[in-house]
Amino acid sequence: MFTDFLYVCRDKGLMVSMTEWITFMEALDKGLARSSFDGLYNLGRMILVKTESDYDKYDLAFMDYFKHLKPTNEVPDHIMKFLDKGEMDTTGLNADMYRYDTKRDFEETKRMFRERISEQKDEHNGGNYWIGTSGGSAFGHNGRNVGGIRVGGQSGMQSAFQVMGARAFSDFRHDKTLDIRQFQVAFRKLRQFSTKLDVERSELDLDGTINSTCNNGGYLKLEFEKPRKNSVKLLLLFDSGGTMMPFSEMCNDLFQAVHKANHFKDVKTYYFHNCIYSKVYTDPECEYGNWLDLEELFKKTDKDYKVIIIGDAQMAPEELYDVNGNYRGPNDGRSGYEWNVLLRSKFKKAIWLNPRFHGKLNELAWMEAENALAQLYNMYPLTIDGLKKGISKLMAPR
Amino acid sequence: MENNKFTGSKEYVASPELMAAVDVARALEKPLLIKGEPGTGKTMLAEAISTSLEKKLFIWNIKSTTKAQDGLYVYDTIQRLYDSQFGVEGVDDISRYIKLGKLGESFKEDEQVILLIDEIDKADLEFPNDLLWELDRMEFYIHETKQTVKAKVRPIVIITSNAEKELPDAFLRRCIFHYIKFPEKAEMQEIVNVHFENLDDNLLQHAMDTFYWIRSIKEVRKKPSTSELIDWLQALIIGGIEPDTIREKLPYLGVLIKKDEDIDVVNKRRVY
């Protein structure tokens, strides 16, 4: 009936599948939304959304779809509860029992409604005065008073709107910049993918061997399995230049996450200032002399290291392109860009995470360096989504 | 079935959304997937449902080594080999060596039961996918004996996850999902009251203020959870701590916070 809602959801990035949609329809059919707006909101959320990070998208879609509805905000909870009983069977009621008072104007009705709310303590159905279902009073639902106020039943959307309006789950969105735990979870993907690596079955599978031998009637039958060790090796390069200061805490979190992950075969970490030139630094202060030649690094690091560069790629074009562009150390005959090209050609798997990522839209002059480096590396924003995309890029077979 | 709705239990305070989710999962006969911060009472939920509906509870605890097959049945080949060498009677009867797992056991029950698959995300990535058919159809096939085990009554399946790993989409599509938010102060008070009788109001207020203050410190890596708050309150009561000094002295902080670095952070922020 409201198939449009499915497409609103998908528009907002909530990828609802057919199975889920049909389940939702089935649930509505069974009356599980209990004819209330809150019920509908909750039912849809528990069936259509499968992770708390999508709650926000659902809220947006729901708000968008039902935006033409106006929230009623005057009905206290205890009265809503009397009314929250769905569409009732009214066949037993006689319409003539009720005296209609259709002449009352809306302002008058509203005034009486407020009075009633303050008086009423109990449930009243089928009467003429109180707020209740199936009655002739001006208030309630399933009743017979044409000029009355509908309370409950299909209405009563206030608290759902409050929940949505507050966007209480926007913190869980994946595109929000991340903290250490989220980093750690994201880095786990680097392990998960690694189990799928195509390696030979080289380790003796003890359990498998015992099982097969027993199944084989006691004759020895050897079984092998893939080594379970993670073969991922990481090379981290952090920009610790001045423009990275606002992100130092985030970089620290990322660093912690990688080191706590301890499931990598090897992790090497170096630092650079603004741009990678002929040397990388061994400490984040980037002090003169505490460095390693980039070519030395190439020598001691084999090519299947996966490289993650964290930096904002903010520099003047000459810092990147000039052979004397490094104002803090030696250039050793190559421009920063050329050093980056060298690095890129050594390591096939390299991504760049940028906390200030602007994307391709921006062609402004001071973006020149970022654009150039984004074309050289696969550049992603430093967010969960960015890190995930980057990691799947690192794990992709080619 | 409709008339005995889940309403929470004496030991467990459930939010209206959570109760609705349980009812929907039952009505649609789909597994209910519960996610939430550690210590928000995911595991206790199943126990509460079991008491509230008076149904038997089967708990299948998942570990990193658990395989889907373990929940269905295990064919004890080694016992059989062992028995055969000593000529134990009945070795030729394979069914003697088939041992049902938790899922299998719950299928065998005559009345509806509750099956809790606890911390499903601990297992291998593919684990949930391996259970798709069994949870959809509520049946499985034992190859060794060529038998099909089919649930007499569909169990209510509750699955919990700590979100350590992401679960496969195919699996998620079949579940009803509920995320347990960390309780707000008022809700927390209710939860605490369920656990303690006649708790001193003053003590509770000070302890709660301190608890939520610690949770609000961004640098704290492992935020204390409900169960830690309850342990801490217990410690405060036993220790006979003056309520007014809680925030200042932070007694028994180790009960609340488990990481050294977090304790340092909190101590640094402490107000004298």
# chains A, B, ... in the order shown; residues from 1 in each chain; ligands from 1
$ residues_around --residues "A:His263" --least-positions-apart "5" --cutoff "10 Å" --atoms "only C-alpha atoms" --output "list in words"
Phe187, Arg188, Leu190, Arg191, Lys229, Asn230, Ser231, Val232, Lys233 and Val258 of chain A
$ write_last_selection --atoms "all heavy atoms" --output "CSV table (one decimal), in the first residue's frame"
chain,number,residue,atom,x,y,z
A,187,PHE,N,39.6,-2.3,11.3
A,187,PHE,CA,40.8,-3.0,10.9
A,187,PHE,C,40.7,-4.5,11.0
A,187,PHE,O,41.4,-5.2,10.3
A,187,PHE,CB,42.0,-2.5,11.9
A,187,PHE,CG,42.7,-1.3,11.4
A,187,PHE,CD1,42.6,-0.1,12.0
A,187,PHE,CD2,43.4,-1.4,10.2
A,187,PHE,CE1,43.3,1.0,11.6
A,187,PHE,CE2,44.0,-0.2,9.7
A,187,PHE,CZ,43.9,1.0,10.4
A,188,ARG,N,39.7,-4.9,11.7
A,188,ARG,CA,39.5,-6.4,11.7
A,188,ARG,C,39.2,-6.9,10.3
A,188,ARG,O,39.4,-8.0,10.0
A,188,ARG,CB,38.3,-6.7,12.6
A,188,ARG,CG,38.8,-7.2,13.9
A,188,ARG,CD,37.7,-7.4,14.8
A,188,ARG,NE,38.2,-6.9,16.1
A,188,ARG,CZ,37.6,-7.1,17.2
A,188,ARG,NH1,36.5,-7.9,17.3
A,188,ARG,NH2,38.1,-6.7,18.3
A,190,LEU,N,40.7,-6.2,7.8
A,190,LEU,CA,41.9,-6.5,7.1
A,190,LEU,C,42.3,-8.0,7.4
A,190,LEU,O,43.0,-8.6,6.6
A,190,LEU,CB,43.0,-5.5,7.6
A,190,LEU,CG,43.9,-5.0,6.5
A,190,LEU,CD1,43.2,-4.5,5.3
A,190,LEU,CD2,44.7,-3.8,7.1
A,191,ARG,N,41.8,-8.4,8.5
A,191,ARG,CA,42.1,-9.8,8.9
A,191,ARG,C,41.1,-10.7,8.2
A,191,ARG,O,41.4,-11.8,7.7
A,191,ARG,CB,42.0,-10.0,10.4
A,191,ARG,CG,42.1,-11.5,10.8
A,191,ARG,CD,42.2,-11.7,12.2
A,191,ARG,NE,41.1,-11.1,12.9
A,191,ARG,CZ,41.0,-11.0,14.3
A,191,ARG,NH1,41.9,-11.6,15.0
A,191,ARG,NH2,39.9,-10.5,14.8
A,229,LYS,N,47.3,-18.0,9.9
A,229,LYS,CA,47.9,-16.8,10.3
A,229,LYS,C,47.6,-15.7,9.3
A,229,LYS,O,47.4,-15.9,8.1
A,229,LYS,CB,49.4,-16.9,10.3
A,229,LYS,CG,49.9,-17.3,11.7
A,229,LYS,CD,51.4,-17.3,11.9
A,229,LYS,CE,51.8,-18.0,13.2
A,229,LYS,NZ,53.0,-18.8,13.0
A,230,ASN,N,47.5,-14.5,9.8
A,230,ASN,CA,47.2,-13.4,8.9
A,230,ASN,C,48.5,-13.0,8.2
A,230,ASN,O,49.6,-12.9,8.8
A,230,ASN,CB,46.8,-12.2,9.8
A,230,ASN,CG,46.2,-11.1,9.0
A,230,ASN,OD1,46.2,-11.2,7.8
A,230,ASN,ND2,45.8,-10.0,9.7
A,231,SER,N,48.4,-12.9,6.9
A,231,SER,CA,49.6,-12.6,6.2
A,231,SER,C,49.7,-11.1,5.9
A,231,SER,O,50.6,-10.7,5.1
A,231,SER,CB,49.7,-13.4,5.0
A,231,SER,OG,48.5,-13.2,4.2
A,232,VAL,N,48.8,-10.3,6.4
A,232,VAL,CA,48.8,-8.9,6.0
A,232,VAL,C,50.0,-8.1,6.7
A,232,VAL,O,50.1,-8.2,8.0
A,232,VAL,CB,47.5,-8.2,6.4
A,232,VAL,CG1,47.6,-6.7,6.2
A,232,VAL,CG2,46.4,-8.8,5.5
A,233,LYS,N,50.7,-7.4,6.0
A,233,LYS,CA,51.8,-6.6,6.5
A,233,LYS,C,51.5,-5.1,6.2
A,233,LYS,O,51.0,-4.8,5.1
A,233,LYS,CB,53.2,-7.0,5.9
A,233,LYS,CG,53.6,-8.3,6.4
A,233,LYS,CD,54.9,-8.8,5.7
A,233,LYS,CE,54.6,-9.3,4.3
A,233,LYS,NZ,55.8,-9.8,3.7
A,258,VAL,N,45.6,0.2,15.3
A,258,VAL,CA,46.5,-0.7,14.5
A,258,VAL,C,47.3,-1.5,15.4
A,258,VAL,O,47.5,-2.8,15.3
A,258,VAL,CB,47.4,0.1,13.5
A,258,VAL,CG1,48.4,-0.8,12.9
A,258,VAL,CG2,46.5,0.7,12.5
$ select_by_dssp --residues "stretch 255-368 of chain A" --states "strand (DSSP E or B)" --output "list in words"
Asp266, Val267, Lys268, Thr269, Tyr270, Tyr271, Phe272, His273, Cys275, Lys279, Val280, Tyr281, Trp291, Leu292, Asp293, Lys306, Val307, Ile308, Ile309, Ile310, Ala350, Ile351, Trp352, Leu353 and Asn354 of chain A
$ interface_residues --of "chain A" --to "chain B" --cutoff "10 Å" --atoms "only C-alpha atoms" --output "PyMOL selection string"
chain A and resi 16-21+23-24+26-27+30-33+38-39+42-52+55+169+179-182+184-186+188-189+192+210-215+217-218
$ atom_distance --atom1 "atom CA of A:Glu370" --atom2 "atom CA of A:Lys300"
28.5 Å
$ residues_around --residues "A:Asp312" --least-positions-apart "3" --cutoff "12 Å" --atoms "only C-alpha atoms" --output "ChimeraX atom specification"
/A:238-248,251,272-275,309,315,352-358,367,369-371,373-374,379-382
$ atom_distance --atom1 "atom CA of A:Trp291" --atom2 "atom CA of A:Tyr271"
8.9 Å
$ residues_around --residues "A:Lys349" --least-positions-apart "5" --cutoff "9 Å" --atoms "only C-alpha atoms" --output "PyMOL selection string"
chain A and resi 303-308+344+393-396+398
$ atom_distance --atom1 "atom CA of B:Ala68" --atom2 "atom CA of B:Leu132"
10.0 Å
$ select_by_dssp --residues "stretch 15-245 of chain B" --states "helix (DSSP H, G or I)" --output "CSV table (one decimal) with N, CA and C atoms, in the first residue's frame"
chain,number,residue,atom,x,y,z
B,16,PRO,N,9.6,-0.4,26.0
B,16,PRO,CA,8.4,-0.8,25.2
B,16,PRO,C,8.8,-1.3,23.8
B,17,GLU,N,9.8,-0.6,23.2
B,17,GLU,CA,10.2,-1.0,21.9
B,17,GLU,C,10.8,-2.4,21.9
B,18,LEU,N,11.5,-2.8,22.9
B,18,LEU,CA,12.1,-4.1,23.0
B,18,LEU,C,10.9,-5.1,23.2
B,19,MET,N,10.0,-4.8,24.0
B,19,MET,CA,8.9,-5.7,24.2
B,19,MET,C,8.1,-5.9,22.9
B,20,ALA,N,7.9,-4.8,22.1
B,20,ALA,CA,7.2,-4.9,20.9
B,20,ALA,C,8.0,-5.8,19.9
B,21,ALA,N,9.3,-5.6,19.9
B,21,ALA,CA,10.2,-6.4,19.0
B,21,ALA,C,10.1,-7.9,19.3
B,22,VAL,N,10.0,-8.2,20.6
B,22,VAL,CA,9.8,-9.7,21.0
B,22,VAL,C,8.5,-10.2,20.4
B,23,ASP,N,7.5,-9.4,20.6
B,23,ASP,CA,6.1,-9.8,20.1
B,23,ASP,C,6.1,-10.0,18.6
B,24,VAL,N,6.7,-9.0,17.9
B,24,VAL,CA,6.7,-9.1,16.5
B,24,VAL,C,7.5,-10.3,16.0
B,25,ALA,N,8.6,-10.6,16.6
B,25,ALA,CA,9.5,-11.7,16.2
B,25,ALA,C,8.7,-13.0,16.4
B,26,ARG,N,7.9,-13.1,17.5
B,26,ARG,CA,7.1,-14.3,17.8
B,26,ARG,C,6.0,-14.4,16.7
B,27,ALA,N,5.4,-13.3,16.4
B,27,ALA,CA,4.2,-13.4,15.5
B,27,ALA,C,4.7,-13.7,14.1
B,28,LEU,N,5.8,-13.2,13.7
B,28,LEU,CA,6.3,-13.5,12.3
B,28,LEU,C,7.2,-14.7,12.2
B,42,LYS,N,21.7,-8.1,27.1
B,42,LYS,CA,21.2,-8.8,26.0
B,42,LYS,C,20.9,-10.3,26.3
B,43,THR,N,21.9,-10.8,27.1
B,43,THR,CA,21.7,-12.3,27.4
B,43,THR,C,20.6,-12.5,28.4
B,44,MET,N,20.5,-11.5,29.3
B,44,MET,CA,19.4,-11.6,30.3
B,44,MET,C,18.0,-11.6,29.7
B,45,LEU,N,17.9,-10.9,28.6
B,45,LEU,CA,16.6,-10.8,27.9
B,45,LEU,C,16.0,-12.2,27.7
B,46,ALA,N,16.8,-13.1,27.2
B,46,ALA,CA,16.3,-14.4,26.9
B,46,ALA,C,15.8,-15.1,28.1
B,47,GLU,N,16.5,-14.9,29.2
B,47,GLU,CA,16.1,-15.5,30.5
B,47,GLU,C,14.8,-14.9,30.9
B,48,ALA,N,14.7,-13.6,30.7
B,48,ALA,CA,13.5,-12.9,31.1
B,48,ALA,C,12.3,-13.4,30.3
B,49,ILE,N,12.5,-13.6,29.0
B,49,ILE,CA,11.4,-14.0,28.2
B,49,ILE,C,11.0,-15.4,28.6
B,50,SER,N,12.0,-16.2,28.9
B,50,SER,CA,11.7,-17.6,29.3
B,50,SER,C,10.9,-17.7,30.6
B,51,THR,N,11.2,-16.8,31.6
B,51,THR,CA,10.4,-16.8,32.8
B,51,THR,C,9.1,-16.2,32.6
B,52,SER,N,9.0,-15.1,31.8
B,52,SER,CA,7.8,-14.5,31.7
B,52,SER,C,6.8,-15.3,30.9
B,53,LEU,N,7.2,-16.1,29.9
B,53,LEU,CA,6.3,-16.9,29.1
B,53,LEU,C,6.3,-18.3,29.6
B,68,ALA,N,28.8,-24.1,12.9
B,68,ALA,CA,27.3,-24.3,12.8
B,68,ALA,C,26.9,-25.7,13.1
B,69,GLN,N,27.7,-26.6,12.6
B,69,GLN,CA,27.4,-28.1,12.8
B,69,GLN,C,27.3,-28.5,14.3
B,70,ASP,N,28.1,-27.8,15.1
B,70,ASP,CA,28.1,-28.1,16.6
B,70,ASP,C,26.7,-27.9,17.2
B,71,GLY,N,25.9,-27.0,16.6
B,71,GLY,CA,24.6,-26.8,17.2
B,71,GLY,C,23.6,-27.8,16.7
B,72,LEU,N,23.9,-28.4,15.6
B,72,LEU,CA,22.9,-29.4,15.0
B,72,LEU,C,23.2,-30.7,15.7
B,77,THR,N,32.9,-39.9,16.1
B,77,THR,CA,33.7,-40.9,15.4
B,77,THR,C,34.7,-41.6,16.3
B,78,ILE,N,35.3,-40.8,17.1
B,78,ILE,CA,36.4,-41.3,17.9
B,78,ILE,C,35.9,-42.3,19.0
B,79,GLN,N,34.7,-42.0,19.6
B,79,GLN,CA,34.1,-42.9,20.5
B,79,GLN,C,33.8,-44.2,19.8
B,80,ARG,N,33.3,-44.1,18.6
B,80,ARG,CA,32.9,-45.3,17.8
B,80,ARG,C,34.1,-46.2,17.5
B,81,LEU,N,35.2,-45.5,17.1
B,81,LEU,CA,36.4,-46.2,16.8
B,81,LEU,C,36.9,-47.0,18.1
B,82,TYR,N,36.9,-46.2,19.2
B,82,TYR,CA,37.3,-46.7,20.4
B,82,TYR,C,36.5,-48.0,20.8
B,83,ASP,N,35.1,-47.8,20.7
B,83,ASP,CA,34.2,-48.9,21.1
B,83,ASP,C,34.5,-50.1,20.2
B,84,SER,N,34.7,-49.9,18.9
B,84,SER,CA,34.9,-51.0,18.0
B,84,SER,C,36.1,-51.8,18.4
B,85,GLN,N,37.1,-51.2,18.9
B,85,GLN,CA,38.3,-52.0,19.2
B,85,GLN,C,38.1,-52.9,20.4
B,94,ILE,N,24.9,-46.5,14.1
B,94,ILE,CA,25.5,-45.1,14.1
B,94,ILE,C,24.8,-44.2,15.0
B,95,SER,N,23.5,-44.3,15.1
B,95,SER,CA,22.7,-43.3,15.8
B,95,SER,C,23.1,-43.2,17.3
B,96,ARG,N,23.7,-44.3,17.8
B,96,ARG,CA,24.2,-44.2,19.2
B,96,ARG,C,25.3,-43.1,19.3
B,97,TYR,N,26.0,-42.8,18.2
B,97,TYR,CA,27.1,-41.9,18.3
B,97,TYR,C,26.8,-40.5,17.7
B,102,LYS,N,22.7,-27.9,20.7
B,102,LYS,CA,21.6,-27.2,21.4
B,102,LYS,C,20.4,-26.9,20.4
B,103,LEU,N,20.7,-26.6,19.2
B,103,LEU,CA,19.7,-26.4,18.2
B,103,LEU,C,18.9,-27.7,18.0
B,104,GLY,N,19.6,-28.8,17.8
B,104,GLY,CA,18.9,-30.1,17.7
B,104,GLY,C,18.1,-30.4,18.9
B,105,GLU,N,18.6,-30.2,20.1
B,105,GLU,CA,17.8,-30.5,21.3
B,105,GLU,C,16.5,-29.7,21.3
B,106,SER,N,16.7,-28.4,21.0
B,106,SER,CA,15.5,-27.6,21.0
B,106,SER,C,14.4,-28.0,20.0
B,107,PHE,N,14.9,-28.6,18.9
B,107,PHE,CA,13.9,-29.1,17.9
B,107,PHE,C,13.1,-30.3,18.5
B,108,LYS,N,13.8,-31.0,19.3
B,108,LYS,CA,13.2,-32.3,19.8
B,108,LYS,C,12.1,-32.1,20.9
B,120,ILE,N,26.7,-14.3,18.7
B,120,ILE,CA,26.9,-15.0,17.4
B,120,ILE,C,28.1,-14.4,16.7
B,121,ASP,N,28.5,-13.2,17.0
B,121,ASP,CA,29.5,-12.5,16.3
B,121,ASP,C,30.9,-13.0,16.7
B,122,LYS,N,31.0,-13.9,17.7
B,122,LYS,CA,32.3,-14.4,18.1
B,122,LYS,C,32.7,-15.4,17.1
B,127,PHE,N,29.7,-18.2,9.8
B,127,PHE,CA,28.8,-19.0,10.7
B,127,PHE,C,27.3,-18.8,10.6
B,128,PRO,N,26.9,-17.5,10.6
B,128,PRO,CA,25.4,-17.3,10.5
B,128,PRO,C,24.9,-17.8,9.2
B,129,ASN,N,25.6,-17.7,8.1
B,129,ASN,CA,25.2,-18.2,6.8
B,129,ASN,C,24.9,-19.7,6.8
B,130,ASP,N,25.8,-20.4,7.6
B,130,ASP,CA,25.6,-21.8,7.6
B,130,ASP,C,24.4,-22.3,8.3
B,132,LEU,N,21.4,-20.6,7.9
B,132,LEU,CA,20.2,-20.0,7.3
B,132,LEU,C,19.1,-21.0,7.1
B,133,TRP,N,19.4,-22.1,6.5
B,133,TRP,CA,18.4,-23.1,6.1
B,133,TRP,C,17.8,-23.6,7.4
B,134,GLU,N,18.6,-24.0,8.4
B,134,GLU,CA,18.1,-24.6,9.6
B,134,GLU,C,17.1,-23.6,10.4
B,135,LEU,N,17.5,-22.3,10.4
B,135,LEU,CA,16.6,-21.4,11.1
B,135,LEU,C,15.4,-21.0,10.3
B,136,ASP,N,15.5,-21.1,9.0
B,136,ASP,CA,14.3,-20.8,8.1
B,136,ASP,C,13.3,-22.0,8.2
B,137,ARG,N,13.8,-23.2,8.0
B,137,ARG,CA,12.9,-24.3,7.9
B,137,ARG,C,12.8,-25.1,9.2
B,169,ASP,N,24.6,-10.2,5.1
B,169,ASP,CA,23.3,-9.6,4.7
B,169,ASP,C,22.2,-10.6,4.6
B,170,ALA,N,22.5,-11.8,4.0
B,170,ALA,CA,21.5,-12.8,3.8
B,170,ALA,C,20.9,-13.2,5.2
B,171,PHE,N,21.7,-13.2,6.1
B,171,PHE,CA,21.3,-13.6,7.5
B,171,PHE,C,20.5,-12.5,8.1
B,172,LEU,N,20.9,-11.3,7.9
B,172,LEU,CA,20.3,-10.1,8.5
B,172,LEU,C,18.9,-9.9,8.0
B,173,ARG,N,18.7,-10.2,6.7
B,173,ARG,CA,17.4,-10.0,6.0
B,173,ARG,C,16.4,-10.8,6.7
B,185,LYS,N,19.2,7.9,32.6
B,185,LYS,CA,19.2,7.9,34.0
B,185,LYS,C,18.0,7.3,34.7
B,186,ALA,N,16.8,7.8,34.2
B,186,ALA,CA,15.5,7.3,34.8
B,186,ALA,C,15.4,5.8,34.6
B,187,GLU,N,15.7,5.3,33.4
B,187,GLU,CA,15.6,3.9,33.1
B,187,GLU,C,16.6,3.1,34.0
B,188,MET,N,17.8,3.7,34.1
B,188,MET,CA,18.8,3.0,34.9
B,188,MET,C,18.4,2.9,36.4
B,189,GLN,N,17.7,3.9,36.8
B,189,GLN,CA,17.2,3.9,38.2
B,189,GLN,C,16.3,2.7,38.4
B,190,GLU,N,15.4,2.5,37.4
B,190,GLU,CA,14.5,1.4,37.5
B,190,GLU,C,15.2,0.1,37.5
B,191,ILE,N,16.2,0.0,36.6
B,191,ILE,CA,17.0,-1.3,36.6
B,191,ILE,C,17.7,-1.5,37.9
B,192,VAL,N,18.3,-0.5,38.5
B,192,VAL,CA,19.0,-0.6,39.7
B,192,VAL,C,18.0,-1.1,40.8
B,193,ASN,N,16.8,-0.5,40.8
B,193,ASN,CA,15.8,-0.8,41.8
B,193,ASN,C,15.4,-2.3,41.8
B,194,VAL,N,15.5,-2.8,40.6
B,194,VAL,CA,15.1,-4.2,40.4
B,194,VAL,C,16.2,-5.1,41.2
B,195,HIS,N,17.4,-4.6,41.2
B,195,HIS,CA,18.5,-5.4,41.8
B,195,HIS,C,18.7,-5.2,43.3
B,201,ASP,N,18.7,6.4,48.8
B,201,ASP,CA,18.5,7.3,47.7
B,201,ASP,C,19.7,8.2,47.4
B,202,ASN,N,20.2,8.7,48.5
B,202,ASN,CA,21.4,9.6,48.5
B,202,ASN,C,22.6,8.9,47.8
B,203,LEU,N,22.8,7.7,48.3
B,203,LEU,CA,23.9,6.9,47.7
B,203,LEU,C,23.7,6.6,46.2
B,204,LEU,N,22.5,6.3,45.9
B,204,LEU,CA,22.2,6.0,44.5
B,204,LEU,C,22.4,7.2,43.6
B,205,GLN,N,21.9,8.4,44.1
B,205,GLN,CA,22.1,9.6,43.3
B,205,GLN,C,23.5,9.9,43.1
B,206,HIS,N,24.3,9.8,44.1
B,206,HIS,CA,25.8,10.2,44.0
B,206,HIS,C,26.5,9.2,43.1
B,207,ALA,N,26.1,7.9,43.3
B,207,ALA,CA,26.8,6.9,42.5
B,207,ALA,C,26.4,7.0,41.0
B,208,MET,N,25.1,7.3,40.8
B,208,MET,CA,24.7,7.4,39.4
B,208,MET,C,25.3,8.7,38.7
B,209,ASP,N,25.4,9.8,39.4
B,209,ASP,CA,26.0,11.0,38.9
B,209,ASP,C,27.4,10.7,38.5
B,210,THR,N,28.1,10.0,39.4
B,210,THR,CA,29.5,9.7,39.1
B,210,THR,C,29.7,8.8,37.9
B,211,PHE,N,28.8,7.8,37.9
B,211,PHE,CA,28.8,6.8,36.8
B,211,PHE,C,28.6,7.4,35.5
B,212,TYR,N,27.5,8.3,35.4
B,212,TYR,CA,27.3,9.0,34.1
B,212,TYR,C,28.4,10.0,33.7
B,213,TRP,N,29.0,10.5,34.8
B,213,TRP,CA,30.1,11.5,34.5
B,213,TRP,C,31.2,10.7,33.9
B,214,ILE,N,31.5,9.5,34.4
B,214,ILE,CA,32.7,8.8,33.9
B,214,ILE,C,32.3,8.4,32.4
B,215,ARG,N,31.1,8.0,32.2
B,215,ARG,CA,30.7,7.6,30.9
B,215,ARG,C,30.8,8.8,29.9
B,216,SER,N,30.7,10.0,30.4
B,216,SER,CA,30.7,11.1,29.5
B,216,SER,C,32.1,11.6,29.1
B,226,THR,N,26.1,-1.3,32.7
B,226,THR,CA,25.1,-1.5,33.7
B,226,THR,C,25.6,-2.5,34.7
B,227,SER,N,26.1,-3.7,34.3
B,227,SER,CA,26.5,-4.7,35.2
B,227,SER,C,27.6,-4.2,36.1
B,228,GLU,N,28.5,-3.4,35.6
B,228,GLU,CA,29.6,-2.8,36.4
B,228,GLU,C,29.0,-1.8,37.4
B,229,LEU,N,28.0,-1.1,37.0
B,229,LEU,CA,27.4,-0.2,38.0
B,229,LEU,C,26.8,-0.9,39.1
B,230,ILE,N,26.1,-2.0,38.8
B,230,ILE,CA,25.5,-2.8,39.9
B,230,ILE,C,26.5,-3.4,40.8
B,231,ASP,N,27.6,-4.0,40.2
B,231,ASP,CA,28.7,-4.5,41.1
B,231,ASP,C,29.3,-3.4,42.0
B,232,TRP,N,29.4,-2.2,41.4
B,232,TRP,CA,30.0,-1.1,42.1
B,232,TRP,C,29.1,-0.7,43.3
B,233,LEU,N,27.8,-0.6,43.0
B,233,LEU,CA,26.8,-0.2,44.1
B,233,LEU,C,26.9,-1.2,45.2
B,234,GLN,N,27.0,-2.5,44.8
B,234,GLN,CA,27.2,-3.6,45.8
B,234,GLN,C,28.4,-3.3,46.7
B,235,ALA,N,29.5,-3.0,46.0
B,235,ALA,CA,30.7,-2.7,46.7
B,235,ALA,C,30.6,-1.5,47.7
B,236,LEU,N,29.9,-0.5,47.2
B,236,LEU,CA,29.8,0.7,48.0
B,236,LEU,C,28.9,0.5,49.2
B,237,ILE,N,27.9,-0.4,49.0
B,237,ILE,CA,27.1,-0.7,50.2
B,237,ILE,C,27.9,-1.5,51.2
B,238,ILE,N,28.5,-2.5,50.7
B,238,ILE,CA,29.3,-3.4,51.6
B,238,ILE,C,30.4,-2.6,52.3
B,239,GLY,N,31.0,-1.7,51.6
B,239,GLY,CA,32.1,-0.9,52.1
B,239,GLY,C,31.6,0.2,53.0
B,243,PRO,N,28.0,8.6,51.1
B,243,PRO,CA,27.6,9.0,49.7
B,243,PRO,C,28.2,10.3,49.2
B,244,ASP,N,28.4,11.2,50.2
B,244,ASP,CA,28.9,12.5,49.7
B,244,ASP,C,30.3,12.5,49.2
B,245,THR,N,31.0,11.4,49.6
B,245,THR,CA,32.4,11.4,49.2
B,245,THR,C,32.7,10.6,48.0
$ residues_around --residues "A:Cys9" --least-positions-apart "6" --cutoff "8 Å" --atoms "only C-alpha atoms" --output "short mmCIF file (atom, residue, chain, number, x, y, z; two decimals) with C-alpha atoms, in the first residue's frame"
data_model
loop_
_atom_site.label_atom_id
_atom_site.label_comp_id
_atom_site.auth_asym_id
_atom_site.auth_seq_id
_atom_site.Cartn_x
_atom_site.Cartn_y
_atom_site.Cartn_z
CA MET A 15 19.01 -0.60 1.18
CA VAL A 16 15.80 -2.41 2.02
CA LYS A 57 18.71 6.96 7.58
CA TYR A 58 15.46 5.30 8.51
CA ALA A 61 13.16 8.47 5.33
CA PHE A 62 10.26 8.15 7.74
#
$ closest_residue --among "B:Glu248, B:Asp262, B:Glu119, B:Glu144" --to "B:Thr66" --atoms "only C-alpha atoms"
B:Glu119
$ closest_residue --among "B:Arg154, B:Ile241, B:Pro224, B:Lys268" --to "B:Gly254" --atoms "only C-alpha atoms"
B:Pro224
$ decode --residues "stretch 65-69 of chain B" --atoms "N, CA, C and O atoms" --output "CSV table (one decimal), in the first residue's frame"
chain,number,residue,atom,x,y,z
B,65,THR,N,35.6,-20.7,18.1
B,65,THR,CA,35.9,-22.0,17.4
B,65,THR,C,34.6,-22.7,17.1
B,65,THR,O,34.6,-23.8,16.5
B,66,THR,N,33.4,-22.2,17.5
B,66,THR,CA,32.1,-22.8,17.3
B,66,THR,C,31.8,-22.9,15.8
B,66,THR,O,32.0,-21.9,15.1
B,67,LYS,N,31.4,-24.1,15.4
B,67,LYS,CA,30.9,-24.2,14.0
B,67,LYS,C,29.4,-24.5,14.0
B,67,LYS,O,28.9,-25.0,15.0
B,68,ALA,N,28.8,-24.1,12.9
B,68,ALA,CA,27.3,-24.3,12.8
B,68,ALA,C,26.9,-25.7,13.1
B,68,ALA,O,25.9,-26.0,13.8
B,69,GLN,N,27.7,-26.6,12.6
B,69,GLN,CA,27.4,-28.1,12.8
B,69,GLN,C,27.3,-28.5,14.3
B,69,GLN,O,26.5,-29.3,14.6
